[in-house]
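**Q** Below is the file model.cif, with mmCIF, C-alpha atoms and all ligand atoms.
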```
data_query
loop_
_atom_site.label_atom_id
_atom_site.label_comp_id
_atom_site.auth_asym_id
_atom_site.auth_seq_id
_atom_site.Cartn_x
_atom_site.Cartn_y
_atom_site.Cartn_z
CA MET A 4 0.00 0.00 0.00
CA PRO A 5 1.43 3.45 -0.84
CA ARG A 6 2.40 5.56 2.15
CA GLN A 7 0.04 8.51 2.70
CA PHE A 8 1.90 11.84 2.34
CA PHE A 9 2.07 13.51 5.76
CA VAL A 10 2.70 17.20 6.46
CA GLY A 11 3.13 18.74 9.91
CA GLY A 12 3.42 22.41 10.75
CA ASN A 13 5.51 23.12 13.83
CA PHE A 14 4.38 26.52 15.11
CA LYS A 15 6.82 26.33 18.06
CA MET A 16 6.03 29.29 20.38
CA ASN A 17 4.46 31.26 17.50
CA PRO A 18 2.64 33.24 16.28
CA ALA A 19 2.95 35.83 19.02
CA SER A 20 -0.27 37.77 18.50
CA ARG A 21 -3.84 36.54 18.62
CA GLU A 22 -4.55 38.39 15.37
CA ALA A 23 -1.72 36.62 13.52
CA LYS A 24 -3.02 33.30 14.85
CA ARG A 25 -6.54 34.03 13.60
CA THR A 26 -5.23 34.97 10.16
CA LEU A 27 -3.20 31.79 9.93
CA ILE A 28 -6.09 29.53 10.93
CA LYS A 29 -8.40 31.35 8.51
CA THR A 30 -5.88 30.81 5.69
CA LEU A 31 -5.86 27.07 6.40
CA ASN A 32 -9.62 26.86 6.82
CA ASP A 33 -10.25 28.68 3.53
CA ALA A 34 -7.63 26.79 1.50
CA ALA A 35 -8.26 23.88 -0.84
CA LEU A 36 -6.01 21.29 0.83
CA ASP A 37 -5.17 18.06 -0.94
CA PRO A 38 -7.52 15.59 0.79
CA SER A 39 -5.06 12.73 0.32
CA VAL A 40 -2.54 14.37 2.64
CA GLY A 41 -2.61 13.74 6.38
CA ALA A 42 -2.04 17.24 7.71
CA GLN A 43 -1.22 17.97 11.33
CA ILE A 44 -0.47 21.20 13.10
CA THR A 45 1.54 21.25 16.31
CA PHE A 46 0.16 23.78 18.71
CA ARG A 47 1.41 24.95 22.01
CA PHE A 48 -0.28 23.21 24.89
CA LEU A 49 -3.92 24.14 25.30
CA THR A 50 -3.99 26.40 22.25
CA VAL A 51 -6.26 24.26 20.21
CA TYR A 52 -8.17 25.32 17.17
CA LEU A 53 -10.55 23.20 15.20
CA THR A 54 -9.97 23.54 11.52
CA LYS A 55 -11.56 21.91 8.54
CA ASP A 56 -8.99 19.38 7.35
CA VAL A 57 -6.13 19.95 9.72
CA LYS A 58 -5.61 18.01 12.93
CA VAL A 59 -3.83 19.21 16.02
CA ALA A 60 -0.70 17.75 17.57
CA ALA A 61 1.23 18.66 20.68
CA GLN A 62 4.89 19.68 20.57
CA ASN A 63 5.98 17.56 23.52
CA CYS A 64 4.71 15.56 26.47
CA TYR A 65 6.14 14.19 29.68
CA VAL A 66 7.12 10.63 30.42
CA LYS A 67 4.87 10.32 33.53
CA LEU A 68 1.10 10.18 33.64
CA SER A 69 0.49 12.30 36.74
CA GLY A 70 2.20 13.88 39.71
CA ALA A 71 4.09 16.98 40.80
CA PHE A 72 5.66 18.00 37.49
CA THR A 73 4.72 21.66 37.18
CA GLY A 74 4.70 22.87 33.61
CA GLU A 75 4.57 19.42 32.05
CA ILE A 76 1.65 17.71 30.35
CA SER A 77 1.05 13.98 30.24
CA PRO A 78 0.19 11.92 27.17
CA SER A 79 -3.08 10.88 28.79
CA GLN A 80 -4.04 14.54 29.29
CA LEU A 81 -3.34 15.17 25.60
CA ALA A 82 -5.38 12.13 24.61
CA ASP A 83 -8.26 13.27 26.88
CA ALA A 84 -8.18 16.64 25.10
CA GLY A 85 -8.69 14.79 21.79
CA ILE A 86 -5.18 15.48 20.49
CA PRO A 87 -4.10 12.57 18.29
CA TYR A 88 -0.36 13.24 17.73
CA VAL A 89 2.63 14.41 19.73
CA VAL A 90 6.02 15.53 18.39
CA LEU A 91 8.86 13.97 20.39
CA GLY A 92 12.63 14.38 20.19
CA HIS A 93 12.64 17.68 18.28
CA SER A 94 16.22 18.98 18.11
CA GLU A 95 15.22 22.01 20.20
CA ARG A 96 14.08 19.63 22.96
CA ARG A 97 17.24 17.54 22.64
CA THR A 98 19.54 20.60 22.66
CA LEU A 99 17.85 23.22 24.83
CA PHE A 100 16.17 20.83 27.27
CA HIS A 101 18.85 18.11 27.23
CA GLU A 102 16.52 15.28 26.27
CA SER A 103 18.44 12.08 25.62
CA SER A 104 17.48 9.50 23.01
CA GLU A 105 16.64 7.13 25.89
CA LEU A 106 14.19 9.65 27.38
CA VAL A 107 12.67 10.27 23.94
CA ALA A 108 12.24 6.49 23.55
CA GLN A 109 10.55 6.21 26.97
CA LYS A 110 8.26 9.12 26.14
CA THR A 111 7.41 7.42 22.85
CA ARG A 112 6.46 4.22 24.70
CA VAL A 113 4.25 6.08 27.20
CA ALA A 114 2.64 8.21 24.48
CA LEU A 115 1.72 5.10 22.47
CA ASP A 116 0.42 3.33 25.58
CA ASN A 117 -1.91 6.26 26.11
CA GLY A 118 -3.39 6.29 22.63
CA LEU A 119 -1.26 8.96 20.94
CA SER A 120 0.59 8.68 17.66
CA VAL A 121 4.12 10.06 17.59
CA ILE A 122 6.08 12.24 15.18
CA LEU A 123 9.58 11.17 16.19
CA CYS A 124 12.36 13.61 15.24
CA VAL A 125 15.95 12.62 14.52
CA GLY A 126 18.83 14.35 12.78
CA GLU A 127 22.51 15.23 12.86
CA THR A 128 24.35 18.48 13.57
CA LEU A 129 26.54 20.18 10.97
CA SER A 130 29.76 18.89 12.52
CA GLU A 131 28.36 15.35 12.57
CA ARG A 132 27.45 15.64 8.88
CA GLU A 133 30.87 17.05 8.03
CA ALA A 134 32.44 14.11 9.88
CA GLU A 135 30.26 11.80 7.72
CA LYS A 136 28.47 10.52 10.81
CA THR A 137 24.88 11.20 9.76
CA LYS A 138 23.88 7.55 9.46
CA GLU A 139 25.56 6.58 12.73
CA VAL A 140 24.03 9.48 14.68
CA VAL A 141 20.52 8.90 13.37
CA GLU A 142 20.73 5.16 14.05
CA LYS A 143 21.87 5.86 17.62
CA GLN A 144 18.84 8.13 18.07
CA LEU A 145 16.51 5.45 16.71
CA GLU A 146 18.00 2.42 18.47
CA PRO A 147 16.45 3.02 21.93
CA VAL A 148 13.07 3.49 20.25
CA THR A 149 13.37 0.16 18.45
CA GLN A 150 14.05 -1.44 21.84
CA GLN A 151 10.91 0.07 23.38
CA LEU A 152 8.50 -0.68 20.52
CA LYS A 153 6.78 -3.82 19.31
CA GLU A 154 6.25 -4.33 15.59
CA ALA A 155 2.57 -3.27 15.69
CA ASP A 156 3.46 0.03 17.43
CA TRP A 157 5.14 1.31 14.29
CA GLN A 158 1.79 1.93 12.63
CA LYS A 159 1.51 4.93 14.96
CA ILE A 160 4.96 6.39 14.31
CA VAL A 161 6.03 8.95 11.73
CA ILE A 162 9.79 9.56 11.65
CA ALA A 163 10.85 13.14 10.94
CA TYR A 164 14.40 13.37 9.61
CA GLU A 165 15.45 16.90 10.50
CA PRO A 166 19.12 17.77 10.05
CA VAL A 167 19.85 20.28 12.81
CA TRP A 168 21.88 22.47 10.43
CA ALA A 169 18.80 22.90 8.23
CA ILE A 170 16.29 23.83 10.95
CA GLY A 171 15.44 27.51 10.83
CA THR A 172 18.61 28.34 8.88
CA GLY A 173 17.32 28.66 5.32
CA LYS A 174 19.81 25.91 4.35
CA VAL A 175 17.62 23.13 3.07
CA ALA A 176 19.08 19.66 2.47
CA SER A 177 19.39 18.90 -1.22
CA SER A 178 16.89 16.37 -2.46
CA ALA A 179 19.78 13.89 -2.87
CA GLN A 180 20.90 14.42 0.75
CA ALA A 181 17.35 14.01 2.03
CA GLN A 182 16.75 10.91 -0.10
CA GLN A 183 20.01 9.30 1.08
CA ALA A 184 19.23 9.91 4.77
CA HIS A 185 15.67 8.62 4.38
CA ALA A 186 16.83 5.53 2.49
CA ASP A 187 19.39 4.86 5.26
CA ILE A 188 16.66 5.15 7.91
CA ARG A 189 14.47 2.74 5.95
CA ALA A 190 17.37 0.29 5.63
CA PHE A 191 17.95 0.57 9.38
CA LEU A 192 14.27 -0.27 10.03
CA VAL A 193 14.62 -3.37 7.84
CA LYS A 194 17.45 -4.57 10.09
CA ALA A 195 16.24 -3.34 13.46
CA VAL A 196 12.49 -4.01 13.10
CA SER A 197 11.23 -5.69 9.92
CA PRO A 198 10.95 -5.21 6.15
CA ALA A 199 7.19 -4.64 6.52
CA VAL A 200 7.66 -1.83 9.05
CA ALA A 201 10.42 -0.29 6.92
CA GLU A 202 8.08 -0.26 3.93
CA SER A 203 5.05 1.18 5.70
CA THR A 204 6.62 3.77 8.06
CA ARG A 205 6.42 7.34 6.84
CA ILE A 206 9.71 9.23 6.91
CA ILE A 207 9.16 12.95 6.52
CA TYR A 208 11.78 15.66 5.99
CA GLY A 209 12.14 18.86 8.04
CA GLY A 210 14.56 21.76 7.74
CA SER A 211 13.89 25.01 5.86
CA VAL A 212 11.15 23.54 3.66
CA THR A 213 9.42 26.25 1.64
CA ALA A 214 6.91 26.47 -1.18
CA SER A 215 9.79 26.78 -3.64
CA ASN A 216 11.77 23.69 -2.60
CA CYS A 217 9.00 21.32 -1.48
CA LYS A 218 7.99 19.97 -4.88
CA GLU A 219 11.44 18.65 -5.75
CA LEU A 220 11.94 17.14 -2.29
CA ALA A 221 8.53 15.48 -2.59
CA THR A 222 9.58 13.66 -5.77
CA GLN A 223 12.15 11.64 -3.79
CA LYS A 224 11.14 8.02 -3.36
CA ASP A 225 11.66 7.88 0.42
CA VAL A 226 10.41 11.38 1.30
CA ASP A 227 6.87 10.84 2.58
CA GLY A 228 6.07 14.39 3.64
CA PHE A 229 7.39 17.32 5.64
CA LEU A 230 7.70 18.81 9.08
CA VAL A 231 7.66 22.55 8.54
CA GLY A 232 8.65 25.28 11.00
CA GLY A 233 8.94 28.86 9.73
CA ALA A 234 6.99 28.39 6.51
CA SER A 235 4.05 26.83 8.38
CA LEU A 236 3.30 30.30 9.75
CA LYS A 237 2.84 31.71 6.25
CA PRO A 238 0.23 31.25 3.53
CA GLU A 239 2.82 29.20 1.58
CA PHE A 240 2.15 26.35 4.04
CA VAL A 241 -0.88 25.54 1.88
CA ASP A 242 1.43 25.00 -1.14
CA ILE A 243 3.64 22.72 0.97
CA ILE A 244 0.65 20.61 2.07
CA ASN A 245 -0.29 20.41 -1.61
CA ALA A 246 3.28 19.64 -2.77
CA THR A 247 2.34 16.39 -4.49
CA LYS A 248 -0.71 17.78 -6.28
C1 LIG B 1 11.29 22.55 12.67
O1 LIG B 1 11.37 23.32 13.60
O2 LIG B 1 10.92 21.39 12.86
C2 LIG B 1 11.64 23.02 11.32
C3 LIG B 1 11.77 22.14 10.38
O3 LIG B 1 11.82 24.36 11.19
P1 LIG B 1 12.09 25.16 9.80
O4 LIG B 1 11.12 24.64 8.78
O5 LIG B 1 11.86 26.59 10.14
O6 LIG B 1 13.49 24.87 9.40
#
```
In structure tokens, what does this structure look like?
**A**
Amino acid sequence: MPRQFFVGGNFKMNPASREAKRTLIKTLNDAALDPSVGAQITFRFLTVYLTKDVKVAAQNCYVKLSGAFTGEISPSQLADAGIPYVVLGHSERRTLFHESSELVAQKTRVALDNGLSVILCVGETLSEREAEKTKEVVEKQLEPVTQQLKEADWQKIVIAYEPVWAIGTGKVASSAQAQQAHADIRAFLVKAVSPAVAESTRIIYGGSVTASNCKELATQKDVDGFLVGGASLKPEFVDIINATK
């Protein structure tokens, strides 16, 4: 079965004003979005809007279900709020909040156990790429997840390959670089999980995707969609959702 193209918009802690938020949601509500694309938006906690074709995801969740963890939100609280997806392991979480791959894997387990699907982010830094360690770094990030998950769990995982050097920098990976990294991830899944999971798991690309580069990236065989930061705040996000049209 072909993998359904999947596009996520990561609003991070944006937009700052209520007016800008309204405009953005109106743009998405009014747009003709390709109905064959699974589109998700990641909102800040508790800032949930219902839109026509777009579903809401959270940008993070905690590894525990309840307790004295001020400022955190549990996967069960997200599920109770009707939020179907959570983004885990974003490079900003790994770097700024020191989240290890082991913690990301535990969070993934708990999120799945509580009914959420997970957009799982991996990716190398510039120095790791320059040292030709991309494959090794990404596999190390994925390994703890493969240990936590059973084969059936993978139906609820989307892997986002997001090279850190491309996030928010305007330096998009070339389509060849993206394709190579995605093909390597798929080959890793064959080995670490199963050929069936490798074939069915969506691997989306993130890092300076725009309306002008999305179409070429989308032609790559192993690029199954996008995770979009900056451009998801602009009307061009509609063109990115419709990249395969
Ligand atoms: C992101 O934050 O996940 C991202 C891909 O950002 P940008 O599109 O701005 O590079």
**Q** So that I can see what lies close to A:Glu219, please list as a list of chain:residue names the residues with an atom at most 10 Å from it, counting only C-alpha atoms and leaving out residues fewer than 5 positions away in the same chain.
**A** A:Ser177, A:Ser178, A:Ala246, A:Thr247
**Q** Around all the atoms of ligand LIG 1 (chain B) listed in the file, with 3 Å of room on each side, what axis-aligned box do you get, giving centre and edge lengths in Å to one decimal, as AutoDock Vina command-line options?
**A**
```
--center_x 12.2 --center_y 24.0 --center_z 11.2 --size_x 8.6 --size_y 11.2 --size_z 10.8
```
**Q** Counting all atoms listed in the file, figure out which residue out of A:Thr73, A:Ser235, A:Asn63, A:Gln7 gets nearest to A:Pro38.
**A** A:Gln7
**Q** For stretch 66-71 of chain A, please output as an NGL selection string all residues within 7 Å (counting only C-alpha atoms; exclusion window: fewer than 2 positions along the same chain).
**A** :A and (64 or 73 or 77-79 or 109-110 or 113)
**Q** Using all atoms listed in the file, which residue out of A:Glu127, A:Asp227, A:Glu239, A:Glu146 lies closest to A:Val196?
**A**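 So, comparing all the options, the nearest one is A:Glu146.
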**Q** Hey, which of A:Phe191, A:Phe8, A:Phe46, A:Phe14 ends up closest to A:Gly232? Count only C-alpha atoms.
**A**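 Using only C-alpha atoms, the shortest distance to A:Gly232 belongs to A:Phe14.
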**Q** I want to know what sits within 12 Å of A:Ala186, based on only C-alpha atoms, with residues of the same chain fewer than 3 positions away left out; could you give that as JSON, numbers by chain?
**A** {"A": [138, 141, 164, 178, 179, 180, 181, 182, 183, 189, 190, 191, 192, 193, 201, 202, 204, 205, 206, 207, 208, 223, 224, 225, 226, 227]}
**Q** Those same residues - C-alpha atoms - I'd like them written as a short mmCIF file (atom, residue, chain, number, x, y, z; two decimals), in the coordinates of the input.
**A**
```cif
data_model
loop_
_atom_site.label_atom_id
_atom_site.label_comp_id
_atom_site.auth_asym_id
_atom_site.auth_seq_id
_atom_site.Cartn_x
_atom_site.Cartn_y
_atom_site.Cartn_z
CA LYS A 138 23.88 7.55 9.46
CA VAL A 141 20.52 8.90 13.37
CA TYR A 164 14.40 13.37 9.61
CA SER A 178 16.89 16.37 -2.46
CA ALA A 179 19.78 13.89 -2.87
CA GLN A 180 20.90 14.42 0.75
CA ALA A 181 17.35 14.01 2.03
CA GLN A 182 16.75 10.91 -0.10
CA GLN A 183 20.01 9.30 1.08
CA ARG A 189 14.47 2.74 5.95
CA ALA A 190 17.37 0.29 5.63
CA PHE A 191 17.95 0.57 9.38
CA LEU A 192 14.27 -0.27 10.03
CA VAL A 193 14.62 -3.37 7.84
CA ALA A 201 10.42 -0.29 6.92
CA GLU A 202 8.08 -0.26 3.93
CA THR A 204 6.62 3.77 8.06
CA ARG A 205 6.42 7.34 6.84
CA ILE A 206 9.71 9.23 6.91
CA ILE A 207 9.16 12.95 6.52
CA TYR A 208 11.78 15.66 5.99
CA GLN A 223 12.15 11.64 -3.79
CA LYS A 224 11.14 8.02 -3.36
CA ASP A 225 11.66 7.88 0.42
CA VAL A 226 10.41 11.38 1.30
CA ASP A 227 6.87 10.84 2.58
#
```
**Q** Interatomic distance between atom CA of A:Val148 and atom CA of A:Arg96?
**A** 16.4 Å
**Q** Ligand LIG 1 (chain B): which residues are within 6 Å, counting only C-alpha atoms and all ligand atoms? Reply as a PyMOL selection string.
**A** chain A and resi 13+169-171+209-212+230-233
**Q** List the neighbours of A:Cys217 out to 9 Å using only C-alpha atoms; skip same-chain residues closer than 3 positions along the sequence, and give me the result as a ChimeraX atom specification.
**A** /A:212-214,220-222,229,242-243,246-247
**Q** Between A:Ile76, A:Leu106, A:Val161, A:Ala61, which is the closest to A:Ser203 once you count only C-alpha atoms?
**A**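 Checking each of A:Ile76, A:Leu106, A:Val161, A:Ala61 against A:Ser203, counting only C-alpha atoms, the winner is A:Val161.
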**Q** Could you jot down the atom CA of A:Phe240 to atom CA of A:Ala163 separation for me, Å, one decimal place?
**A**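 Separation between atom CA of A:Phe240 and atom CA of A:Ala163: 17.3 Å.
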**Q** Which is closest to A:Ile28 among A:Ile160, A:Ala82, A:Val241, A:Glu102, if we use all atoms listed in the file?
**A**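 Going through A:Ile160, A:Ala82, A:Val241, A:Glu102 one by one, the smallest distance to A:Ile28 is for A:Val241.
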**Q** Identify which of the residues A:Pro238, A:Gly228, A:Pro166, A:Pro5 lies closest to A:His93, counting all atoms listed in the file when measuring atom-to-atom distances.
**A** A:Pro166
**Q** Would you mind reading off the distance between atom CA of A:Gln144 and atom CA of A:Glu105, one decimal, in Å?
**A** 8.2 Å
